[in-house]
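Enquirer: Hey, dropping final.tsv in here, TSV, C-alpha atoms:
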```tsv
chain	number	residue	atom	x	y	z
A	1452	MET	CA	-71.59	172.39	36.51
A	1453	ILE	CA	-73.57	172.05	39.72
A	1454	ILE	CA	-74.62	175.71	39.66
A	1455	GLU	CA	-75.75	176.80	36.20
A	1456	SER	CA	-77.46	180.06	37.11
A	1457	LEU	CA	-76.88	182.80	39.67
A	1458	LEU	CA	-80.61	182.58	40.37
A	1459	ASP	CA	-80.01	179.13	41.89
A	1460	THR	CA	-79.99	180.58	45.39
A	1461	ASP	CA	-82.37	181.75	48.11
A	1462	LEU	CA	-84.48	184.85	47.61
A	1463	TYR	CA	-83.27	186.47	50.83
A	1464	LYS	CA	-79.79	186.81	49.37
A	1465	PHE	CA	-81.24	189.24	46.82
A	1466	THR	CA	-83.46	191.08	49.29
A	1467	MET	CA	-80.51	191.60	51.64
A	1468	MET	CA	-78.20	192.47	48.75
A	1469	GLN	CA	-80.54	195.27	47.70
A	1470	VAL	CA	-80.35	196.73	51.22
A	1471	VAL	CA	-76.57	196.49	51.07
A	1472	LEU	CA	-76.45	198.33	47.72
A	1473	HIS	CA	-78.63	201.17	48.96
A	1474	HIS	CA	-77.39	201.56	52.54
A	1475	PHE	CA	-74.06	199.74	53.13
A	1476	PRO	CA	-72.24	199.62	49.77
A	1477	GLY	CA	-68.80	200.03	51.38
A	1478	ALA	CA	-69.10	197.32	54.04
A	1479	GLN	CA	-66.28	194.76	54.11
A	1480	VAL	CA	-67.00	191.26	55.44
A	1481	GLU	CA	-65.61	187.80	56.12
A	1482	TYR	CA	-67.48	184.48	56.01
A	1483	ARG	CA	-66.25	181.07	57.14
A	1484	PHE	CA	-67.42	177.53	56.44
A	1485	LYS	CA	-68.12	174.96	59.15
A	1486	CYS	CA	-69.34	171.37	59.00
A	1487	ARG	CA	-71.22	170.69	62.23
A	1488	THR	CA	-71.45	166.95	61.56
A	1489	PRO	CA	-68.32	165.12	62.84
A	1490	GLY	CA	-66.48	162.67	60.65
A	1491	VAL	CA	-67.27	164.24	57.27
A	1492	GLU	CA	-64.14	163.95	55.12
A	1493	LEU	CA	-63.92	166.77	52.57
A	1494	VAL	CA	-60.23	167.42	51.93
A	1495	SER	CA	-60.00	164.78	49.20
A	1496	LEU	CA	-62.82	166.57	47.36
A	1497	LEU	CA	-61.11	169.95	47.16
A	1498	GLY	CA	-60.15	169.50	43.51
A	1499	GLU	CA	-63.78	169.10	42.48
A	1500	ILE	CA	-64.96	171.82	44.83
A	1501	ASN	CA	-62.46	174.33	43.47
A	1502	ALA	CA	-63.35	173.43	39.88
A	1503	GLU	CA	-67.00	174.11	40.68
A	1504	LEU	CA	-66.04	177.45	42.27
A	1505	GLU	CA	-64.25	178.40	39.06
A	1506	ALA	CA	-67.38	177.60	37.09
A	1507	LEU	CA	-69.59	179.51	39.55
A	1508	CYS	CA	-67.45	182.62	39.14
A	1509	SER	CA	-67.88	182.51	35.36
A	1510	LEU	CA	-71.65	183.00	35.54
A	1511	ARG	CA	-73.50	186.20	34.69
A	1512	PHE	CA	-77.19	187.04	34.92
A	1513	THR	CA	-79.00	186.62	31.61
A	1514	PRO	CA	-81.45	189.22	30.27
A	1515	ASP	CA	-84.38	186.86	30.95
A	1516	GLU	CA	-83.23	186.31	34.53
A	1517	LEU	CA	-82.93	190.03	35.10
A	1518	ASP	CA	-86.40	190.58	33.68
A	1519	GLY	CA	-87.72	187.99	36.12
A	1520	LEU	CA	-86.12	189.79	39.07
A	1521	ARG	CA	-87.38	193.14	37.81
A	1522	ALA	CA	-90.93	191.77	37.85
A	1523	LEU	CA	-90.81	191.19	41.62
A	1524	ARG	CA	-92.68	194.07	43.25
A	1525	PHE	CA	-90.03	194.71	45.93
A	1526	ILE	CA	-86.98	194.64	43.64
A	1527	LYS	CA	-85.91	198.10	42.45
A	1528	SER	CA	-84.71	198.93	38.97
A	1529	ASP	CA	-81.30	200.29	39.98
A	1530	PHE	CA	-80.54	197.03	41.79
A	1531	VAL	CA	-81.33	195.03	38.65
A	1532	ASP	CA	-79.13	197.42	36.66
A	1533	PHE	CA	-76.30	196.62	39.11
A	1534	LEU	CA	-76.87	192.87	38.74
A	1535	GLU	CA	-76.55	193.24	34.96
A	1536	LEU	CA	-72.86	194.00	35.58
A	1537	PHE	CA	-72.37	191.55	38.45
A	1538	ARG	CA	-70.03	188.56	38.58
A	1539	LEU	CA	-68.65	186.66	41.58
A	1540	ASN	CA	-64.91	187.23	41.95
A	1541	ARG	CA	-62.86	184.03	42.34
A	1542	GLN	CA	-60.20	185.93	44.26
A	1543	ARG	CA	-62.70	186.57	47.05
A	1544	ILE	CA	-63.06	182.90	48.03
A	1545	SER	CA	-60.56	180.20	48.99
A	1546	ALA	CA	-61.12	176.50	49.68
A	1547	THR	CA	-58.11	174.76	51.23
A	1548	PRO	CA	-57.23	171.99	53.71
A	1549	ALA	CA	-57.96	173.11	57.27
A	1550	ALA	CA	-55.21	175.26	58.74
A	1551	ASP	CA	-55.52	173.50	62.11
A	1552	ALA	CA	-53.44	170.32	62.03
A	1553	ALA	CA	-55.93	168.21	64.00
A	1554	ALA	CA	-58.84	169.34	61.83
A	1555	ARG	CA	-56.81	168.71	58.69
A	1556	ALA	CA	-56.06	165.17	59.89
A	1557	ARG	CA	-59.81	164.61	60.18
A	1558	GLY	CA	-60.24	165.64	56.55
A	1559	GLU	CA	-61.76	169.03	57.30
A	1560	ILE	CA	-61.43	172.03	55.03
A	1561	ASP	CA	-61.44	175.81	55.35
A	1562	ILE	CA	-63.57	177.92	53.07
A	1563	VAL	CA	-63.07	181.65	53.60
A	1564	ILE	CA	-64.85	184.46	51.78
A	1565	ARG	CA	-63.53	188.01	52.15
A	1566	GLY	CA	-64.31	191.30	50.43
A	1567	PRO	CA	-67.05	193.89	49.92
A	1568	TRP	CA	-70.34	192.61	51.30
A	1569	LEU	CA	-72.06	193.74	48.11
A	1570	HIS	CA	-69.78	191.53	46.02
A	1571	THR	CA	-69.59	188.46	48.28
A	1572	ILE	CA	-73.14	188.06	49.61
A	1573	LEU	CA	-74.17	185.70	46.78
A	1574	PHE	CA	-71.45	183.12	47.52
A	1575	GLU	CA	-73.01	181.40	50.55
A	1576	VAL	CA	-75.91	179.36	49.22
A	1577	PRO	CA	-74.38	178.07	45.95
A	1578	VAL	CA	-71.11	177.22	47.71
A	1579	LEU	CA	-72.95	175.16	50.32
A	1580	ALA	CA	-74.92	173.47	47.53
A	1581	ILE	CA	-71.66	172.71	45.72
A	1582	VAL	CA	-69.91	171.21	48.74
A	1583	GLY	CA	-72.98	169.20	49.68
A	1584	GLU	CA	-73.50	167.77	46.21
A	1585	VAL	CA	-69.83	166.95	45.66
A	1586	HIS	CA	-69.77	165.14	49.01
A	1587	ALA	CA	-73.01	163.27	48.28
A	1588	ARG	CA	-71.85	162.02	44.89
A	1589	HIS	CA	-68.85	160.36	46.56
A	1590	ALA	CA	-70.12	159.37	50.01
A	1591	HIS	CA	-73.63	158.28	49.04
A	1592	THR	CA	-73.46	157.10	45.46
A	1593	ASN	CA	-75.87	154.26	46.25
A	1594	ALA	CA	-78.62	156.47	47.66
A	1595	ASP	CA	-81.96	154.95	46.68
A	1596	LEU	CA	-83.76	157.77	44.89
A	1597	ARG	CA	-86.89	155.68	44.33
A	1598	ASP	CA	-87.11	155.16	48.07
A	1599	GLY	CA	-86.54	158.88	48.48
A	1600	LEU	CA	-89.54	159.64	46.29
A	1601	ARG	CA	-91.58	157.14	48.29
A	1602	ARG	CA	-90.68	159.14	51.40
A	1603	VAL	CA	-91.79	162.34	49.65
A	1604	ASP	CA	-95.12	160.74	48.75
A	1605	GLU	CA	-95.62	159.66	52.37
A	1606	LYS	CA	-95.06	163.26	53.50
A	1607	ILE	CA	-97.54	164.52	50.95
A	1608	ALA	CA	-100.11	161.98	52.18
A	1609	GLN	CA	-99.62	163.10	55.79
A	1610	LEU	CA	-100.18	166.74	54.83
A	1611	LYS	CA	-103.35	165.90	52.88
A	1612	ALA	CA	-105.23	164.96	56.07
A	1613	PRO	CA	-108.55	166.88	56.21
A	1614	GLU	CA	-107.59	168.85	59.34
A	1615	LEU	CA	-104.46	170.14	57.55
A	1616	GLN	CA	-106.14	171.69	54.52
A	1617	ASP	CA	-104.92	175.17	55.48
A	1618	CYS	CA	-101.43	173.97	56.46
A	1619	ARG	CA	-98.98	175.38	53.92
A	1620	ILE	CA	-95.33	174.45	53.62
A	1621	ALA	CA	-92.46	175.86	51.58
A	1622	ASP	CA	-89.17	174.45	50.30
A	1623	TYR	CA	-86.17	175.98	52.09
A	1624	GLY	CA	-83.74	173.24	51.07
A	1625	THR	CA	-81.31	174.67	48.48
A	1626	ARG	CA	-78.26	174.80	50.76
A	1627	ARG	CA	-78.86	171.29	52.13
A	1628	ARG	CA	-80.11	169.49	49.03
A	1629	TYR	CA	-78.78	166.14	47.86
A	1630	SER	CA	-78.34	167.55	44.39
A	1631	ARG	CA	-79.70	170.26	42.10
A	1632	ARG	CA	-81.63	167.75	40.01
A	1633	TRP	CA	-83.01	166.06	43.12
A	1634	GLN	CA	-84.35	169.34	44.50
A	1635	ALA	CA	-86.14	170.02	41.20
A	1636	GLN	CA	-87.57	166.50	41.13
A	1637	VAL	CA	-88.82	166.66	44.72
A	1638	LEU	CA	-90.26	170.14	44.24
A	1639	GLU	CA	-92.17	169.01	41.14
A	1640	ARG	CA	-93.56	166.09	43.16
A	1641	LEU	CA	-94.63	168.47	45.93
A	1642	ARG	CA	-96.24	170.86	43.48
A	1643	SER	CA	-98.34	168.17	41.85
A	1644	GLY	CA	-99.18	166.44	45.13
A	1645	LEU	CA	-99.88	169.37	47.44
A	1646	GLY	CA	-101.35	171.96	45.09
A	1647	PRO	CA	-102.09	175.18	47.02
A	1648	GLN	CA	-100.64	173.67	50.20
A	1649	LEU	CA	-97.21	174.30	48.67
A	1650	ALA	CA	-96.69	177.99	49.42
A	1651	GLY	CA	-93.54	178.26	47.29
A	1652	THR	CA	-89.80	177.86	47.45
A	1653	SER	CA	-86.87	179.95	48.60
A	1654	ASN	CA	-85.03	179.01	45.39
A	1655	VAL	CA	-85.45	181.85	42.89
A	1656	LEU	CA	-84.53	179.79	39.83
A	1657	LEU	CA	-86.90	176.91	40.61
A	1658	ALA	CA	-89.69	179.32	41.50
A	1659	ARG	CA	-89.27	180.93	38.09
A	1660	GLU	CA	-89.13	177.62	36.21
A	1661	MET	CA	-92.12	176.07	38.01
A	1662	GLY	CA	-94.37	179.09	38.37
A	1663	LEU	CA	-94.07	179.10	42.17
A	1664	THR	CA	-93.80	181.99	44.61
A	1665	PRO	CA	-90.22	182.83	45.67
A	1666	LEU	CA	-90.08	183.25	49.45
A	1667	GLY	CA	-87.68	184.93	51.86
A	1668	THR	CA	-86.85	188.15	53.69
A	1669	MET	CA	-83.75	188.46	55.91
A	1670	ALA	CA	-81.09	186.10	57.29
A	1671	HIS	CA	-78.78	186.14	60.29
A	1672	GLU	CA	-75.94	187.80	58.43
A	1673	TYR	CA	-78.00	190.98	57.99
A	1674	LEU	CA	-78.52	191.51	61.71
A	1675	GLN	CA	-74.97	190.38	62.45
A	1676	ALA	CA	-73.46	192.91	60.05
A	1677	CYS	CA	-75.48	195.66	61.70
A	1678	GLN	CA	-73.41	195.05	64.85
A	1679	ALA	CA	-70.59	196.78	62.98
A	1680	LEU	CA	-72.66	199.13	60.82
A	1681	GLY	CA	-75.15	200.57	63.26
A	1682	PRO	CA	-74.97	202.81	66.34
A	1683	ARG	CA	-73.94	201.49	69.76
A	1684	LEU	CA	-74.15	197.71	69.97
A	1685	ARG	CA	-77.24	197.62	72.19
A	1686	ASP	CA	-79.26	199.46	69.52
A	1687	THR	CA	-78.18	197.47	66.49
A	1688	GLN	CA	-81.14	195.05	66.42
A	1689	VAL	CA	-83.52	198.02	66.36
A	1690	PHE	CA	-81.30	199.68	63.75
A	1691	ALA	CA	-81.46	196.57	61.54
A	1692	PHE	CA	-85.25	196.43	61.63
A	1693	GLU	CA	-85.58	200.16	61.00
A	1694	MET	CA	-83.25	200.05	58.01
A	1695	TRP	CA	-85.19	197.09	56.63
A	1696	ALA	CA	-88.45	199.00	56.96
A	1697	LYS	CA	-86.86	202.05	55.34
A	1698	GLU	CA	-85.91	199.97	52.31
A	1699	TYR	CA	-89.10	197.95	51.90
A	1700	ARG	CA	-91.77	200.26	53.32
A	1701	GLY	CA	-93.87	197.48	54.83
A	1702	ASP	CA	-93.10	194.76	52.29
A	1703	LEU	CA	-91.13	191.61	53.18
A	1704	GLY	CA	-92.25	192.00	56.77
A	1705	ILE	CA	-91.05	188.84	58.53
A	1706	ALA	CA	-88.45	189.64	61.21
A	1707	LEU	CA	-85.80	187.10	62.21
A	1708	ALA	CA	-86.05	186.51	65.96
A	1709	ASP	CA	-83.00	184.52	67.08
A	1710	VAL	CA	-79.79	186.46	66.42
A	1711	TYR	CA	-79.66	187.54	70.09
A	1712	GLY	CA	-82.10	185.01	71.53
A	1713	LEU	CA	-85.82	185.36	71.99
A	1714	GLN	CA	-85.84	187.49	75.13
A	1715	ALA	CA	-83.56	190.11	73.59
A	1716	PHE	CA	-85.74	190.07	70.48
A	1717	LEU	CA	-88.91	190.66	72.48
A	1718	ARG	CA	-87.32	193.56	74.39
A	1719	ASP	CA	-86.61	195.31	71.10
A	1720	PHE	CA	-89.71	194.21	69.17
A	1721	ASP	CA	-91.99	196.82	70.70
A	1722	LEU	CA	-95.49	198.01	69.74
A	1723	TYR	CA	-94.11	199.87	66.72
A	1724	PHE	CA	-92.44	196.78	65.28
A	1725	CYS	CA	-95.35	194.52	66.27
A	1726	LYS	CA	-97.60	196.65	64.07
A	1727	LEU	CA	-95.05	197.37	61.34
A	1728	PHE	CA	-93.87	193.82	60.64
A	1729	ASP	CA	-96.15	191.02	59.40
A	1730	GLY	CA	-94.65	188.47	61.76
A	1731	ALA	CA	-91.46	186.73	62.87
A	1732	ARG	CA	-89.38	183.69	61.90
A	1733	HIS	CA	-88.24	180.96	64.29
A	1734	ASP	CA	-84.86	179.34	63.59
A	1735	SER	CA	-83.55	178.02	66.92
A	1736	GLY	CA	-84.75	176.83	70.32
A	1737	ASP	CA	-88.04	175.18	71.28
A	1738	PRO	CA	-90.56	176.19	68.58
A	1739	PHE	CA	-93.59	175.48	70.78
A	1740	ALA	CA	-92.37	177.69	73.62
A	1741	TRP	CA	-91.29	180.32	71.07
A	1742	GLY	CA	-94.72	180.40	69.47
A	1743	GLU	CA	-96.50	180.75	72.80
A	1744	GLN	CA	-94.23	183.63	73.84
A	1745	LEU	CA	-94.75	185.45	70.51
A	1746	ILE	CA	-98.53	185.11	70.80
A	1747	ALA	CA	-98.41	186.44	74.36
A	1748	HIS	CA	-96.12	189.28	73.27
A	1749	TYR	CA	-98.53	190.37	70.55
A	1750	ALA	CA	-101.46	190.20	72.96
A	1751	ASN	CA	-99.56	192.23	75.58
A	1752	ASN	CA	-98.99	194.89	72.91
A	1753	HIS	CA	-102.71	194.93	72.02
A	1754	VAL	CA	-102.06	193.36	68.62
A	1755	ASP	CA	-104.31	190.50	67.49
A	1756	PRO	CA	-101.98	187.51	66.95
A	1757	ARG	CA	-104.35	186.22	64.28
A	1758	SER	CA	-103.34	189.20	62.12
A	1759	LYS	CA	-99.68	188.11	62.22
A	1760	THR	CA	-97.71	185.17	60.83
A	1761	LEU	CA	-95.21	182.96	62.62
A	1762	VAL	CA	-92.76	181.28	60.24
A	1763	PHE	CA	-91.12	178.09	61.53
A	1764	SER	CA	-87.93	177.02	59.76
A	1765	ASP	CA	-85.64	175.20	62.21
A	1766	ALA	CA	-84.94	171.56	61.27
A	1767	LEU	CA	-88.60	170.89	60.57
A	1768	THR	CA	-90.02	167.48	59.86
A	1769	ILE	CA	-93.56	166.75	58.73
A	1770	PRO	CA	-94.54	165.34	62.17
A	1771	LYS	CA	-93.22	168.52	63.81
A	1772	VAL	CA	-95.12	170.67	61.31
A	1773	ILE	CA	-98.31	168.79	62.11
A	1774	ALA	CA	-97.74	169.18	65.86
A	1775	LEU	CA	-97.06	172.92	65.51
A	1776	HIS	CA	-100.11	173.36	63.32
A	1777	ARG	CA	-102.23	171.52	65.87
A	1778	GLN	CA	-101.01	173.76	68.72
A	1779	PHE	CA	-101.25	177.13	66.97
A	1780	HIS	CA	-103.97	176.64	64.36
A	1781	GLN	CA	-106.48	179.54	64.35
A	1782	ARG	CA	-104.52	181.34	67.10
A	1783	VAL	CA	-101.99	182.95	64.76
A	1784	GLY	CA	-101.06	182.86	61.07
A	1785	LEU	CA	-98.67	179.99	60.28
A	1786	ALA	CA	-96.04	179.22	57.69
A	1787	PHE	CA	-93.49	176.40	57.56
A	1788	GLY	CA	-90.18	176.33	55.69
A	1789	ILE	CA	-88.68	172.83	55.41
A	1790	GLY	CA	-85.15	172.18	54.21
A	1791	THR	CA	-83.18	168.99	54.82
A	1792	HIS	CA	-86.25	166.85	55.61
A	1793	LEU	CA	-87.55	167.49	52.09
A	1794	MET	CA	-84.41	167.82	50.00
A	1795	HIS	CA	-81.96	165.40	51.62
A	1796	ASP	CA	-84.00	162.60	53.18
A	1797	LEU	CA	-82.47	159.54	51.56
A	1798	GLY	CA	-81.94	157.14	54.42
A	1799	TYR	CA	-78.79	158.59	55.97
A	1800	GLU	CA	-77.90	161.65	58.02
A	1801	ALA	CA	-77.31	164.67	55.82
A	1802	PRO	CA	-74.19	166.65	56.81
A	1803	GLN	CA	-74.97	169.93	58.54
A	1804	MET	CA	-72.80	172.49	56.74
A	1805	VAL	CA	-73.00	176.25	57.20
A	1806	ILE	CA	-71.25	179.40	56.05
A	1807	LYS	CA	-71.54	182.25	58.55
A	1808	MET	CA	-70.38	185.85	58.59
A	1809	THR	CA	-67.67	186.21	61.23
A	1810	ARG	CA	-66.43	189.78	60.65
A	1811	CYS	CA	-67.72	193.05	59.27
A	1812	ASN	CA	-65.57	196.14	58.74
A	1813	GLY	CA	-62.73	194.45	60.60
A	1814	GLN	CA	-64.64	193.70	63.81
A	1815	PRO	CA	-66.10	190.36	64.95
A	1816	VAL	CA	-69.82	189.74	64.59
A	1817	ALA	CA	-71.87	186.88	65.99
A	1818	LYS	CA	-75.27	185.46	66.63
A	1819	VAL	CA	-76.20	184.07	70.03
A	1820	SER	CA	-79.22	181.97	69.21
A	1821	ASP	CA	-81.54	179.92	71.40
A	1822	SER	CA	-79.66	176.78	70.27
A	1823	PRO	CA	-76.04	177.09	71.53
A	1824	GLY	CA	-74.74	174.66	68.91
A	1825	LYS	CA	-75.64	177.18	66.23
A	1826	ASN	CA	-73.40	179.92	67.62
A	1827	MET	CA	-70.33	180.75	65.54
A	1828	CYS	CA	-67.81	183.43	66.50
A	1829	ASP	CA	-64.00	183.54	66.33
A	1830	ASP	CA	-63.61	186.03	69.20
A	1831	LEU	CA	-64.65	184.75	72.63
A	1832	ALA	CA	-64.14	188.15	74.28
A	1833	TYR	CA	-66.54	189.75	71.81
A	1834	LEU	CA	-69.04	186.94	72.33
A	1835	ALA	CA	-68.94	187.53	76.09
A	1836	TYR	CA	-69.42	191.27	75.53
A	1837	LEU	CA	-72.37	190.63	73.22
A	1838	ARG	CA	-73.99	188.42	75.85
A	1839	ASP	CA	-73.53	191.10	78.47
A	1840	VAL	CA	-74.93	193.92	76.32
A	1841	PHE	CA	-78.05	191.95	75.33
A	1842	GLN	CA	-78.47	190.27	78.75
A	1843	ILE	CA	-78.06	186.80	77.28
A	1844	PRO	CA	-77.16	184.17	79.88
A	1845	ALA	CA	-74.14	182.01	79.19
A	1846	PRO	CA	-75.00	178.34	78.46
A	1847	ASP	CA	-73.97	177.29	81.98
A	1848	ASP	CA	-76.41	179.86	83.40
A	1849	ALA	CA	-79.29	179.01	81.08
A	1850	ALA	CA	-80.87	176.57	83.53
```
Using the file provided, produce a representation of the structure as structure tokens.
Expert:
Amino acid sequence: MIIESLLDTDLYKFTMMQVVLHHFPGAQVEYRFKCRTPGVELVSLLGEINAELEALCSLRFTPDELDGLRALRFIKSDFVDFLELFRLNRQRISATPAADAAARARGEIDIVIRGPWLHTILFEVPVLAIVGEVHARHAHTNADLRDGLRRVDEKIAQLKAPELQDCRIADYGTRRRYSRRWQAQVLERLRSGLGPQLAGTSNVLLAREMGLTPLGTMAHEYLQACQALGPRLRDTQVFAFEMWAKEYRGDLGIALADVYGLQAFLRDFDLYFCKLFDGARHDSGDPFAWGEQLIAHYANNHVDPRSKTLVFSDALTIPKVIALHRQFHQRVGLAFGIGTHLMHDLGYEAPQMVIKMTRCNGQPVAKVSDSPGKNMCDDLAYLAYLRDVFQIPAPDDAA
């Protein structure tokens, strides 16, 4: 089995799932898989992928795992009681050859997840880890793991420069890892090499096994679902942040800034949210421009940027981390979440695979990020409407 524990996922799946249990238990959703990297043949691997999905859906939380979740200060006892009964339902997910004939000829596949949000939210990360590892074991069987560890050691050495003593990174690589064992091996190397410079990992299982801090708050799907669950569309970003604050009462206070683009985020992220949330996370667009605009936004709202944290998590490399640290050091709190560059840097391009929510309660949902290639919506009319409501220029108008 590739996935041996339901804890082998990112923390924000649990933090969002708790919100769903308490506030949106009846929401119905749809997710779809997409490989953004052209030329990745997956259809021949469907037998293995489906066998792994069967195994995934046989897992239950163990008493020790539930005790570990219960010990987290922001996890509530009724949520853990629910997880004691939880199991992923195999009927909620299908993995088949692509329905589109041209895509099928290219070896593409369709993975579709449908059902209650509460009962499907935990599919995304382990399914991406499964597809990625099955592909890697066939397409890159000769990957040089010793060279991979050498690369990890080089990254550690770069981060140990004297001027980077307060630069802290975290592992965000579960969904893009080369393999489960490789992620554990790299994380152990980082822990021993970086010491306190390793802030933690998004992977709940590895955090538990290695005595690290599990990290994460909210993901795009949470704000996307609120497009269907909240009041009028224009108010749904505010609604999402308010519901988050209602659930966590000041804890887990990093807001995701790119579901509607930065300018729409700043229009909604007023003085109240500037003070209420601990900071914001960058996941698309130019991180340097984003950071400067967030610092200016805090200052314009009479909030000291140095009291807030900017989390950078979009396709980070160690050189980019160092450059961002150099630009923003001592001007604002900083945190860096690194995924592929840590957990799948083995001398070839790692496939960029995603699973995104496309519908909630029967209506389309979307994100319109600051990187157009990251947009994913199956209803172009809705996407145009979303752009109009949030005053987001179309790509052709962006210049």
Enquirer: For the atom pair CA of Asp1686 in chain A and CA of Phe1841 in chain A, what is the interatomic distance in Å to one decimal place?
Expert: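 Computing the Euclidean distance for CA of Asp1686 in chain A and CA of Phe1841 in chain A yields 9.6 Å.
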Enquirer: Find the residues around range 1668-1675 of chain A up to 10 Å (all atoms listed in the file counted), leave out those fewer than 6 positions away in its own chain, and share them as number ranges by chain.
Expert: A: 1461-1468, 1470-1471, 1482, 1572, 1653, 1681, 1687-1692, 1695, 1702-1711, 1732, 1734, 1806-1811, 1815-1820
Enquirer: Would you tabulate, counting only C-alpha atoms, all residues of range 1709-1810 of chain A that have an atom at most 12 Å from an atom of range 1610-1631 of chain A, showing the closest pair of atoms and their distance in Å to one decimal, sorted by chain then ascending number, as a Markdown table?
Expert:
```
| residue | atom | partner | partner_atom | distance |
| --- | --- | --- | --- | --- |
| A:Val1762 | CA | A:Ile1620 | CA | 9.9 |
| A:Phe1763 | CA | A:Ile1620 | CA | 9.7 |
| A:Ser1764 | CA | A:Tyr1623 | CA | 7.9 |
| A:Asp1765 | CA | A:Tyr1623 | CA | 10.2 |
| A:Ala1766 | CA | A:Tyr1623 | CA | 10.3 |
| A:Leu1767 | CA | A:Tyr1623 | CA | 10.2 |
| A:Thr1768 | CA | A:Ile1620 | CA | 10.8 |
| A:Ile1769 | CA | A:Leu1610 | CA | 7.7 |
| A:Pro1770 | CA | A:Leu1610 | CA | 9.4 |
| A:Lys1771 | CA | A:Leu1610 | CA | 11.5 |
| A:Val1772 | CA | A:Ile1620 | CA | 8.6 |
| A:Ile1773 | CA | A:Leu1615 | CA | 7.8 |
| A:Ala1774 | CA | A:Leu1615 | CA | 10.7 |
| A:Leu1775 | CA | A:Cys1618 | CA | 10.1 |
| A:His1776 | CA | A:Cys1618 | CA | 7.0 |
| A:Arg1777 | CA | A:Leu1615 | CA | 8.7 |
| A:Phe1779 | CA | A:Cys1618 | CA | 11.0 |
| A:His1780 | CA | A:Cys1618 | CA | 8.7 |
| A:Gln1781 | CA | A:Asp1617 | CA | 10.0 |
| A:Gly1784 | CA | A:Cys1618 | CA | 10.0 |
| A:Leu1785 | CA | A:Cys1618 | CA | 7.6 |
| A:Ala1786 | CA | A:Arg1619 | CA | 6.1 |
| A:Phe1787 | CA | A:Ile1620 | CA | 4.8 |
| A:Gly1788 | CA | A:Ala1621 | CA | 4.7 |
| A:Ile1789 | CA | A:Tyr1623 | CA | 5.2 |
| A:Gly1790 | CA | A:Gly1624 | CA | 3.6 |
| A:Thr1791 | CA | A:Arg1627 | CA | 5.6 |
| A:His1792 | CA | A:Gly1624 | CA | 8.2 |
| A:Leu1793 | CA | A:Gly1624 | CA | 7.0 |
| A:Met1794 | CA | A:Arg1628 | CA | 4.7 |
| A:His1795 | CA | A:Tyr1629 | CA | 5.0 |
| A:Asp1796 | CA | A:Tyr1629 | CA | 8.3 |
| A:Leu1797 | CA | A:Tyr1629 | CA | 8.4 |
| A:Gly1798 | CA | A:Tyr1629 | CA | 11.6 |
| A:Tyr1799 | CA | A:Tyr1629 | CA | 11.1 |
| A:Glu1800 | CA | A:Tyr1629 | CA | 11.1 |
| A:Ala1801 | CA | A:Arg1627 | CA | 7.7 |
| A:Pro1802 | CA | A:Arg1627 | CA | 8.1 |
| A:Gln1803 | CA | A:Arg1627 | CA | 7.6 |
| A:Met1804 | CA | A:Arg1627 | CA | 7.7 |
| A:Val1805 | CA | A:Arg1626 | CA | 8.4 |
| A:Ile1806 | CA | A:Arg1626 | CA | 9.9 |
```
Enquirer: Ranking A:Leu1497, A:Val1480, A:Ala1502, A:Ala1715 by minimum distance to Arg1565 in chain A and counting all atoms listed in the file, which one comes first?
Expert: A:Val1480
Enquirer: Considering all atoms listed in the file, can you say which of A:Arg1511, A:Lys1527, A:Arg1555, A:Arg1642 comes closest to Tyr1699 in chain A?
Expert: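 Ranked by minimum distance to Tyr1699 in chain A, first place goes to A:Lys1527.
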Enquirer: For the atom pair CA of Met1661 in chain A and CA of Arg1524 in chain A, what is the interatomic distance in Å to one decimal place?
Expert: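 We find that CA of Met1661 in chain A and CA of Arg1524 in chain A lie 18.8 Å from each other.
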Enquirer: Go through A:Glu1505, A:Asp1839, A:Glu1639, A:Glu1516 and flag the residue nearest Asn1540 in chain A, using all atoms listed in the file for the distances.
Expert: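 Checking each of A:Glu1505, A:Asp1839, A:Glu1639, A:Glu1516 against Asn1540 in chain A, counting all atoms listed in the file, the winner is A:Glu1505.
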Enquirer: For Trp1633 in chain A, which residue among A:Ala1650, A:Ala1696, A:Ala1587, A:Ala1832 is the nearest when counting all atoms listed in the file?
Expert: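 Checking each candidate against Trp1633 in chain A, we get A:Ala1587 as the closest.
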